[in-house]
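Undergrad: If it helps, the file is called coords02.cif and holds mmCIF, C-alpha atoms and all ligand atoms:
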```
data_target
#
loop_
_atom_site.label_atom_id
_atom_site.label_comp_id
_atom_site.auth_asym_id
_atom_site.auth_seq_id
_atom_site.Cartn_x
_atom_site.Cartn_y
_atom_site.Cartn_z
CA MET V 1393 30.90 -11.68 -6.79
CA ASN V 1394 27.35 -10.91 -5.61
CA ILE V 1395 26.10 -10.93 -1.99
CA LEU V 1396 24.72 -14.46 -2.28
CA ASP V 1397 28.14 -15.78 -3.36
CA LYS V 1398 29.72 -14.01 -0.37
CA ILE V 1399 27.14 -15.41 2.03
CA VAL V 1400 27.68 -18.96 0.76
CA ILE V 1401 31.48 -18.77 1.06
CA ASN V 1402 31.09 -17.48 4.61
CA LYS V 1403 28.47 -20.11 5.45
CA LYS V 1404 30.74 -22.97 4.35
CA LYS V 1405 33.40 -21.80 6.82
CA GLU V 1406 30.79 -21.38 9.57
CA VAL V 1407 29.41 -24.87 9.07
CA ALA V 1408 32.91 -26.38 9.16
CA VAL V 1409 33.54 -24.68 12.52
CA ALA V 1410 30.15 -25.74 13.89
CA LYS V 1411 30.74 -29.37 12.87
CA ALA V 1412 34.12 -29.37 14.59
CA ASN V 1413 32.56 -28.01 17.79
CA VAL V 1414 29.25 -29.85 18.07
CA SER V 1415 28.73 -33.40 16.84
CA VAL V 1416 25.54 -34.69 15.26
CA ALA V 1417 25.18 -37.04 18.24
CA GLN V 1418 25.25 -34.02 20.58
CA LEU V 1419 22.62 -32.20 18.52
CA GLU V 1420 20.43 -35.29 18.60
CA GLN V 1421 20.49 -35.19 22.40
CA SER V 1422 19.04 -31.71 22.58
CA PRO V 1423 15.54 -31.62 24.12
CA ALA V 1424 13.97 -30.10 21.00
CA PHE V 1425 15.33 -32.80 18.70
CA ASN V 1426 12.82 -35.50 19.52
CA ARG V 1427 9.70 -33.38 19.70
CA GLU V 1428 6.71 -33.48 17.31
CA THR V 1429 6.92 -30.61 14.85
CA TYR V 1430 3.99 -28.33 13.98
CA SER V 1431 2.46 -28.77 10.52
CA PHE V 1432 3.15 -25.82 8.24
CA ARG V 1433 0.20 -26.81 6.05
CA ASP V 1434 -2.29 -26.99 8.93
CA PHE V 1435 -1.35 -23.59 10.31
CA LEU V 1436 -1.15 -21.91 6.90
CA LEU V 1437 -4.59 -23.13 5.88
CA ALA V 1438 -6.30 -22.65 9.27
CA PRO V 1439 -9.29 -20.31 8.69
CA ASN V 1440 -8.69 -18.43 11.95
CA ARG V 1441 -5.15 -17.41 10.90
CA THR V 1442 -3.86 -14.86 8.42
CA GLY V 1443 -1.48 -16.88 6.22
CA ILE V 1444 1.24 -14.45 7.22
CA ILE V 1445 4.67 -15.85 8.02
CA ALA V 1446 6.03 -13.07 10.19
CA GLU V 1447 9.77 -12.61 10.34
CA PHE V 1448 12.17 -11.58 13.10
CA LYS V 1449 15.01 -9.81 11.25
CA ARG V 1450 17.33 -7.27 12.94
CA ARG V 1451 19.39 -6.44 9.90
CA SER V 1452 19.69 -7.30 6.23
CA PRO V 1453 22.43 -6.78 3.65
CA SER V 1454 20.07 -4.63 1.56
CA LYS V 1455 18.71 -2.38 4.35
CA GLY V 1456 21.38 -2.42 7.05
CA ILE V 1457 20.01 -2.30 10.62
CA ILE V 1458 16.21 -2.53 10.61
CA ASN V 1459 15.63 -2.92 14.36
CA ASP V 1460 18.14 -4.08 16.98
CA LYS V 1461 16.19 -2.82 19.99
CA VAL V 1462 13.46 -5.45 20.36
CA SER V 1463 13.46 -8.90 21.95
CA VAL V 1464 12.71 -12.00 19.93
CA GLU V 1465 10.24 -13.17 22.61
CA ASP V 1466 8.20 -9.94 22.56
CA VAL V 1467 8.15 -9.73 18.78
CA THR V 1468 7.33 -13.36 18.01
CA THR V 1469 4.61 -13.69 20.65
CA GLY V 1470 3.16 -10.40 19.35
CA TYR V 1471 3.15 -11.85 15.84
CA ALA V 1472 1.52 -15.08 17.01
CA SER V 1473 -1.26 -13.25 18.84
CA ALA V 1474 -1.83 -11.02 15.79
CA GLY V 1475 -2.69 -14.18 13.82
CA ALA V 1476 0.59 -15.26 12.22
CA SER V 1477 0.36 -18.74 10.66
CA ALA V 1478 4.08 -19.23 11.21
CA LEU V 1479 7.19 -17.38 12.37
CA SER V 1480 10.46 -16.90 10.54
CA VAL V 1481 13.60 -16.41 12.61
CA LEU V 1482 16.93 -15.51 11.03
CA THR V 1483 19.87 -17.49 12.41
CA ASP V 1484 22.58 -16.05 10.13
CA THR V 1485 24.81 -13.80 12.24
CA ASP V 1486 27.27 -12.13 9.91
CA PHE V 1487 24.78 -10.66 7.43
CA PHE V 1488 21.47 -10.60 9.37
CA MET V 1489 22.49 -10.30 13.05
CA GLY V 1490 20.53 -13.45 13.88
CA GLU V 1491 21.63 -16.08 16.41
CA GLN V 1492 20.97 -19.70 17.30
CA ILE V 1493 19.64 -18.41 20.64
CA ASP V 1494 16.97 -16.36 18.84
CA LEU V 1495 15.46 -19.55 17.46
CA LEU V 1496 15.71 -21.35 20.81
CA ASN V 1497 14.07 -18.39 22.56
CA ALA V 1498 11.31 -18.08 19.96
CA ARG V 1499 10.65 -21.82 20.28
CA ALA V 1500 10.39 -21.63 24.06
CA VAL V 1501 7.49 -19.16 23.98
CA ASN V 1502 5.48 -20.07 20.85
CA LYS V 1503 3.21 -22.92 19.82
CA ILE V 1504 3.08 -22.30 16.07
CA PRO V 1505 5.46 -23.43 13.29
CA ILE V 1506 8.85 -21.72 13.11
CA LEU V 1507 11.02 -21.42 10.00
CA ARG V 1508 14.77 -21.46 10.53
CA LYS V 1509 15.71 -18.70 8.11
CA ASP V 1510 19.27 -19.32 7.00
CA PHE V 1511 21.34 -20.36 4.03
CA MET V 1512 21.25 -24.14 4.14
CA ILE V 1513 24.14 -25.72 2.25
CA ASP V 1514 24.84 -28.83 4.33
CA GLU V 1515 22.69 -31.58 5.85
CA TYR V 1516 24.28 -30.84 9.23
CA GLN V 1517 22.30 -27.56 9.34
CA LEU V 1518 19.05 -29.52 9.13
CA ILE V 1519 19.99 -31.46 12.27
CA GLU V 1520 20.79 -28.13 13.93
CA ALA V 1521 17.44 -26.70 12.84
CA LYS V 1522 15.55 -29.57 14.47
CA ALA V 1523 17.69 -29.40 17.62
CA TRP V 1524 17.14 -25.64 17.91
CA GLY V 1525 13.35 -25.96 17.70
CA ALA V 1526 12.50 -25.27 14.05
CA ASP V 1527 9.57 -26.88 12.22
CA ILE V 1528 10.40 -25.61 8.74
CA ILE V 1529 13.65 -25.17 6.83
CA LEU V 1530 14.38 -22.95 3.85
CA LEU V 1531 16.11 -24.32 0.76
CA ILE V 1532 17.19 -21.59 -1.67
CA ALA V 1533 17.23 -22.89 -5.25
CA ALA V 1534 19.78 -20.29 -6.35
CA ILE V 1535 22.49 -21.80 -4.14
CA LEU V 1536 21.73 -25.54 -4.37
CA THR V 1537 21.89 -28.17 -7.11
CA PRO V 1538 18.74 -30.20 -7.89
CA ALA V 1539 20.47 -33.25 -6.36
CA GLU V 1540 21.15 -31.33 -3.14
CA ILE V 1541 17.55 -30.11 -2.96
CA LYS V 1542 16.34 -33.65 -3.42
CA SER V 1543 18.56 -35.19 -0.75
CA MET V 1544 18.12 -32.33 1.75
CA SER V 1545 14.34 -32.38 1.43
CA ALA V 1546 14.27 -36.15 1.89
CA LEU V 1547 16.36 -35.80 5.05
CA ALA V 1548 14.10 -32.97 6.26
CA LYS V 1549 11.08 -35.18 5.80
CA SER V 1550 12.67 -38.00 7.77
CA LEU V 1551 13.34 -35.50 10.59
CA GLY V 1552 9.71 -34.32 10.53
CA LEU V 1553 10.71 -30.91 9.17
CA ASN V 1554 8.64 -29.09 6.53
CA VAL V 1555 10.52 -27.64 3.56
CA LEU V 1556 10.02 -24.22 1.99
CA LEU V 1557 11.78 -24.08 -1.38
CA GLU V 1558 12.63 -20.53 -2.43
CA VAL V 1559 12.80 -19.64 -6.12
CA HIS V 1560 13.15 -16.39 -7.99
CA ASN V 1561 12.58 -17.40 -11.61
CA LEU V 1562 11.05 -20.11 -13.79
CA GLU V 1563 14.30 -21.90 -14.47
CA GLU V 1564 15.04 -22.30 -10.74
CA LEU V 1565 11.48 -23.50 -10.14
CA GLN V 1566 11.48 -26.09 -12.90
CA ARG V 1567 14.84 -27.62 -12.09
CA SER V 1568 14.23 -27.79 -8.33
CA ILE V 1569 10.80 -29.45 -7.95
CA THR V 1570 10.99 -32.66 -5.92
CA PRO V 1571 8.21 -34.54 -4.06
CA ASN V 1572 9.34 -33.95 -0.46
CA LEU V 1573 8.83 -30.18 -0.54
CA THR V 1574 5.98 -28.70 1.49
CA ALA V 1575 5.80 -25.22 0.02
CA ILE V 1576 7.24 -23.17 -2.79
CA GLY V 1577 8.11 -19.56 -2.02
CA VAL V 1578 8.55 -17.02 -4.76
CA ASN V 1579 11.04 -14.45 -3.54
CA ASN V 1580 10.04 -11.06 -4.91
CA ARG V 1581 13.55 -9.86 -4.05
CA ASN V 1582 16.40 -10.82 -6.34
CA LEU V 1583 19.08 -11.82 -3.83
CA ALA V 1584 21.80 -11.19 -6.40
CA ASP V 1585 21.04 -7.48 -6.93
CA PHE V 1586 18.28 -6.66 -4.31
CA THR V 1587 15.73 -5.40 -6.86
CA VAL V 1588 12.12 -6.17 -5.80
CA SER V 1589 8.90 -6.78 -7.71
CA VAL V 1590 5.74 -8.52 -6.48
CA GLU V 1591 5.01 -9.22 -10.17
CA THR V 1592 7.51 -12.09 -9.87
CA SER V 1593 4.94 -13.95 -7.71
CA PHE V 1594 2.07 -13.41 -10.15
CA GLN V 1595 4.22 -14.53 -13.07
CA LEU V 1596 5.45 -17.75 -11.49
CA PHE V 1597 2.18 -18.79 -9.84
CA GLU V 1598 0.79 -20.85 -12.72
CA HIS V 1599 4.01 -22.88 -12.93
CA ILE V 1600 3.85 -24.12 -9.32
CA PRO V 1601 2.41 -27.65 -9.16
CA ALA V 1602 -0.95 -27.85 -7.34
CA GLU V 1603 0.22 -30.11 -4.50
CA PHE V 1604 2.57 -27.51 -2.99
CA LEU V 1605 1.59 -24.61 -0.75
CA LYS V 1606 2.30 -21.31 -2.46
CA ILE V 1607 4.04 -18.48 -0.65
CA SER V 1608 4.92 -14.98 -1.80
CA GLU V 1609 8.05 -13.65 -0.06
CA SER V 1610 9.47 -10.16 0.51
CA ALA V 1611 8.57 -6.55 -0.24
CA ILE V 1612 4.96 -6.90 0.97
CA SER V 1613 3.89 -3.70 2.73
CA ASN V 1614 0.14 -3.35 2.26
CA THR V 1615 -2.98 -5.42 2.65
CA ASP V 1616 -4.15 -4.79 -0.92
CA THR V 1617 -1.13 -6.72 -2.18
CA ILE V 1618 -2.10 -9.64 0.08
CA LYS V 1619 -5.68 -9.56 -1.18
CA GLN V 1620 -4.43 -9.70 -4.78
CA LEU V 1621 -2.00 -12.51 -4.01
CA LYS V 1622 -4.79 -14.46 -2.24
CA ALA V 1623 -7.11 -13.94 -5.20
CA ALA V 1624 -4.38 -15.33 -7.46
CA GLY V 1625 -4.21 -18.43 -5.22
CA PHE V 1626 -1.31 -17.79 -2.85
CA ASN V 1627 -1.63 -19.41 0.60
CA GLY V 1628 1.12 -17.59 2.47
CA PHE V 1629 2.86 -14.23 2.72
CA LEU V 1630 6.34 -13.82 4.21
CA ILE V 1631 6.72 -10.37 5.75
CA GLY V 1632 9.75 -9.01 7.60
CA GLU V 1633 10.78 -5.40 7.23
CA ASN V 1634 7.29 -3.90 7.11
CA PHE V 1635 6.77 -5.00 10.74
CA MET V 1636 10.36 -4.98 12.01
CA LYS V 1637 10.92 -1.33 11.06
CA GLU V 1638 8.39 -0.33 13.74
CA ALA V 1639 9.23 0.09 17.44
CA ASP V 1640 6.67 -2.62 18.31
CA PRO V 1641 6.54 -5.09 15.39
CA GLY V 1642 3.81 -7.25 16.98
CA ALA V 1643 1.54 -4.21 17.45
CA ALA V 1644 2.33 -3.15 13.86
CA MET V 1645 1.18 -6.53 12.60
CA LYS V 1646 -1.99 -6.36 14.72
CA GLU V 1647 -2.84 -3.01 13.10
CA PHE V 1648 -1.93 -4.32 9.61
CA VAL V 1649 -4.22 -7.38 9.77
CA LYS V 1650 -7.24 -5.17 10.48
CA GLY V 1651 -6.99 -4.24 6.79
CA LEU V 1652 -7.26 -7.84 5.58
O1 LIG V 1701 11.66 -7.96 4.81
P1 LIG V 1701 10.80 -8.39 3.68
O2 LIG V 1701 11.03 -7.60 2.42
O3 LIG V 1701 9.33 -8.44 4.06
O4 LIG V 1701 11.23 -9.91 3.30
C1 LIG V 1701 11.07 -10.97 4.22
C2 LIG V 1701 11.75 -12.24 3.68
O5 LIG V 1701 11.07 -12.64 2.52
C3 LIG V 1701 13.23 -11.98 3.38
O6 LIG V 1701 13.85 -11.66 4.58
C4 LIG V 1701 13.94 -13.17 2.73
C5 LIG V 1701 13.46 -13.93 1.73
N1 LIG V 1701 14.35 -14.92 1.39
C6 LIG V 1701 15.40 -14.81 2.18
C7 LIG V 1701 16.56 -15.61 2.25
C8 LIG V 1701 17.48 -15.32 3.20
C9 LIG V 1701 17.33 -14.22 4.06
C10 LIG V 1701 16.18 -13.42 4.01
C11 LIG V 1701 15.22 -13.71 3.07
#
```
Would you put the structure from the file into structure tokens?
TA:
Amino acid sequence: MNILDKIVINKKKEVAVAKANVSVAQLEQSPAFNRETYSFRDFLLAPNRTGIIAEFKRRSPSKGIINDKVSVEDVTTGYASAGASALSVLTDTDFFMGEQIDLLNARAVNKIPILRKDFMIDEYQLIEAKAWGADIILLIAAILTPAEIKSMSALAKSLGLNVLLEVHNLEELQRSITPNLTAIGVNNRNLADFTVSVETSFQLFEHIPAEFLKISESAISNTDTIKQLKAAGFNGFLIGENFMKEADPGAAMKEFVKGL
């Protein structure tokens, strides 16, 4: 059993507990639920922003603890002022040390789109995402059927949420395309065995239909890589560890973008 299988088994139990504790009607009453969401497309393509989706990630299964000393408010506002087009906030606790409150806190202090970074396996989690202040949800092709991707992205659209579909190979990409997606993210990290290669993005690029925003995810640690990805046609760059490993991730991003 690989890590992704373990995460999904755990997530199913977590969602069952959450559903028993908090009803959809309760989630729908949360103040964030009825707000207007920010447009992922507008912020990603804005000329005065960097295209970087900057991630708040304390820990990962591949790296262990990356940084558990910083506050989500300091880091995400630092990212936003360094020119992030969007923020990514992990809400998985058992494997990434993220929390629901991290997303709520990031939402309270930022006026740019926020991705709820989690393993979505149930429509209930989309209602949570909206109620907790997210603008974007992640759907990971490796753990969902094409029918699930279709129905979850249609529900996301009806909630005003943007959808980032994550793929790692051509087969996942081709079976998962559906009209209600906003963006396609090529994960340079294989979540089954943790190997990384930015080549994955360059290889899959030409197979992504023109109407979707194109994001390269993971293992990006220098501005030359971003310049090459931009030249190939990528619109967005999801970066976590390269900033989070520093004592002040916002300042690290500010320094990094000088090289763009
Ligand atoms: O820290 P990195 O290598 O810059 O990667 C960020 C992001 O792409 C990565 O955290 C990620 C990509 N897809 C995911 C799915 C679930 C959890 C995490 C991820």
Undergrad: Out of V:Val1414, V:Leu1583, V:Leu1621, V:Val1649, which residue has the shortest atom-to-atom distance to ligand LIG 1701 (chain V) when counting only C-alpha atoms and all ligand atoms?
TA: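 Ranked by minimum distance to ligand LIG 1701 (chain V), first place goes to V:Leu1583.
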Undergrad: Identify, counting all atoms listed in the file, the protein, DNA and RNA residues located within 8 Å of ligand LIG 1701 (chain V), and give them as a list of chain:residue names.
TA: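 Those within range of ligand LIG 1701 (chain V) are V:Glu1447, V:Lys1449, V:Ser1452, V:Leu1482, V:Phe1488, V:Lys1509, V:Asp1510, V:Phe1511, V:Leu1530, V:Ile1532, V:Glu1558, V:Asn1579, V:Asn1580, V:Arg1581, V:Leu1583, V:Ser1608, V:Glu1609, V:Ser1610, V:Ala1611, V:Ile1612, V:Ser1613, V:Leu1630, V:Ile1631, V:Gly1632, V:Glu1633, V:Asn1634, V:Phe1635, V:Met1636.
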Undergrad: Restrict the selected residues to C-alpha atoms and save them as a short mmCIF file (atom, residue, chain, number, x, y, z; two decimals), in the coordinates of the input.
TA:
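And here's part-v9.cif as it stands now:
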```cif
data_model
loop_
_atom_site.label_atom_id
_atom_site.label_comp_id
_atom_site.auth_asym_id
_atom_site.auth_seq_id
_atom_site.Cartn_x
_atom_site.Cartn_y
_atom_site.Cartn_z
CA GLU V 1447 9.77 -12.61 10.34
CA LYS V 1449 15.01 -9.81 11.25
CA SER V 1452 19.69 -7.30 6.23
CA LEU V 1482 16.93 -15.51 11.03
CA PHE V 1488 21.47 -10.60 9.37
CA LYS V 1509 15.71 -18.70 8.11
CA ASP V 1510 19.27 -19.32 7.00
CA PHE V 1511 21.34 -20.36 4.03
CA LEU V 1530 14.38 -22.95 3.85
CA ILE V 1532 17.19 -21.59 -1.67
CA GLU V 1558 12.63 -20.53 -2.43
CA ASN V 1579 11.04 -14.45 -3.54
CA ASN V 1580 10.04 -11.06 -4.91
CA ARG V 1581 13.55 -9.86 -4.05
CA LEU V 1583 19.08 -11.82 -3.83
CA SER V 1608 4.92 -14.98 -1.80
CA GLU V 1609 8.05 -13.65 -0.06
CA SER V 1610 9.47 -10.16 0.51
CA ALA V 1611 8.57 -6.55 -0.24
CA ILE V 1612 4.96 -6.90 0.97
CA SER V 1613 3.89 -3.70 2.73
CA LEU V 1630 6.34 -13.82 4.21
CA ILE V 1631 6.72 -10.37 5.75
CA GLY V 1632 9.75 -9.01 7.60
CA GLU V 1633 10.78 -5.40 7.23
CA ASN V 1634 7.29 -3.90 7.11
CA PHE V 1635 6.77 -5.00 10.74
CA MET V 1636 10.36 -4.98 12.01
#
```
Undergrad: When distances are computed from only C-alpha atoms, which of V:Ile1493, V:Leu1553, V:Ile1607, V:Ala1472 shows the smallest separation from Ala1526 of chain V?
TA: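 With only C-alpha atoms as the atom set, the closest residue is V:Leu1553.
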Undergrad: Per residue of segment 1533-1556 of chain V within 10 Å of segment 1517-1525 of chain V, note the shortest atom pair and the distance in Å to one decimal, counting all atoms listed in the file, and order the rows by chain and increasing residue number, as a tab-separated table.
TA:
```
residue	atom	partner	partner_atom	distance
V:Met1544	CA	V:Leu1518	CA	8.0
V:Ser1545	CA	V:Leu1518	CA	9.5
V:Leu1547	CA	V:Leu1518	CA	8.0
V:Ala1548	CA	V:Leu1518	CA	6.7
V:Leu1551	CA	V:Lys1522	CA	7.4
V:Gly1552	CA	V:Lys1522	CA	8.5
V:Leu1553	CA	V:Lys1522	CA	7.3
```
Undergrad: Write the residues of the selection above to a file with C-alpha atoms, as an mmCIF file, in the coordinates of the input.
TA:
```cif
data_model
loop_
_atom_site.group_PDB
_atom_site.id
_atom_site.type_symbol
_atom_site.label_atom_id
_atom_site.label_comp_id
_atom_site.auth_asym_id
_atom_site.auth_seq_id
_atom_site.Cartn_x
_atom_site.Cartn_y
_atom_site.Cartn_z
ATOM 1 C CA MET V 1544 18.120 -32.330 1.750
ATOM 2 C CA SER V 1545 14.340 -32.380 1.430
ATOM 3 C CA LEU V 1547 16.360 -35.800 5.050
ATOM 4 C CA ALA V 1548 14.100 -32.970 6.260
ATOM 5 C CA LEU V 1551 13.340 -35.500 10.590
ATOM 6 C CA GLY V 1552 9.710 -34.320 10.530
ATOM 7 C CA LEU V 1553 10.710 -30.910 9.170
#
```
Undergrad: Let me have the centre and edge lengths of the axis-aligned box enclosing all listed atoms of segment 1409-1423 of chain V with 4 Å padding on every side, in Å to one decimal, as lines of an AutoDock Vina configuration file.
TA:
```
center_x = 24.8
center_y = -30.9
center_z = 18.3
size_x = 26.6
size_y = 20.4
size_z = 19.6
```
Undergrad: Can you work out which one of V:Leu1573, V:Ala1539, V:Leu1495, V:Ile1504 has the shortest atom-to-atom distance to Ser1463 of chain V, counting all atoms listed in the file?
TA: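 Among the listed residues, V:Leu1495 lies closest to Ser1463 of chain V.
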Undergrad: Find the distance between atom CA of Val1481 of chain V and atom CA of Thr1442 of chain V and write it in Å to one decimal.
TA: 18.0 Å
Undergrad: Compute the distance from (23.7, -19.7, 5.8) to each atom, counting only C-alpha atoms, keep the residues with any atom at most 8 Å away, and return them as a list of chain:residue names; use the coordinates of the file.
TA: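 Collected hits near the coordinates: V:Ile1399, V:Val1400, V:Asn1402, V:Lys1403, V:Lys1404, V:Thr1483, V:Asp1484, V:Asp1510, V:Phe1511, V:Met1512, V:Ile1513.
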Undergrad: Report the distance between atom CA of Thr1570 of chain V and atom CA of Lys1542 of chain V in Å, rounded to one decimal place.
TA: 6.0 Å
Undergrad: Can you measure atom CA of Gln1620 of chain V to atom CA of Ser1480 of chain V for me? One decimal in Å is fine.
TA: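 Calculated distance between atom CA of Gln1620 of chain V and atom CA of Ser1480 of chain V is 22.5 Å.
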Undergrad: Can you list, as a ChimeraX atom specification, every protein, DNA or RNA residue that comes within 9 Å of Lys1637 of chain V when you count only C-alpha atoms, leaving out same-chain residues fewer than 6 positions away?
TA: /V:1450,1458-1459
Undergrad: Create the file for the chosen residues now, containing C-alpha atoms and written as a compact mmCIF listing (two decimals), in the frame of the given file.
TA:
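Everything below was put into out-v4.txt:
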```
# COMPACT_ATOMS: atom_id res chain seq x y z
CA ARG V 1450 17.33 -7.27 12.94
CA ILE V 1458 16.21 -2.53 10.61
CA ASN V 1459 15.63 -2.92 14.36
```
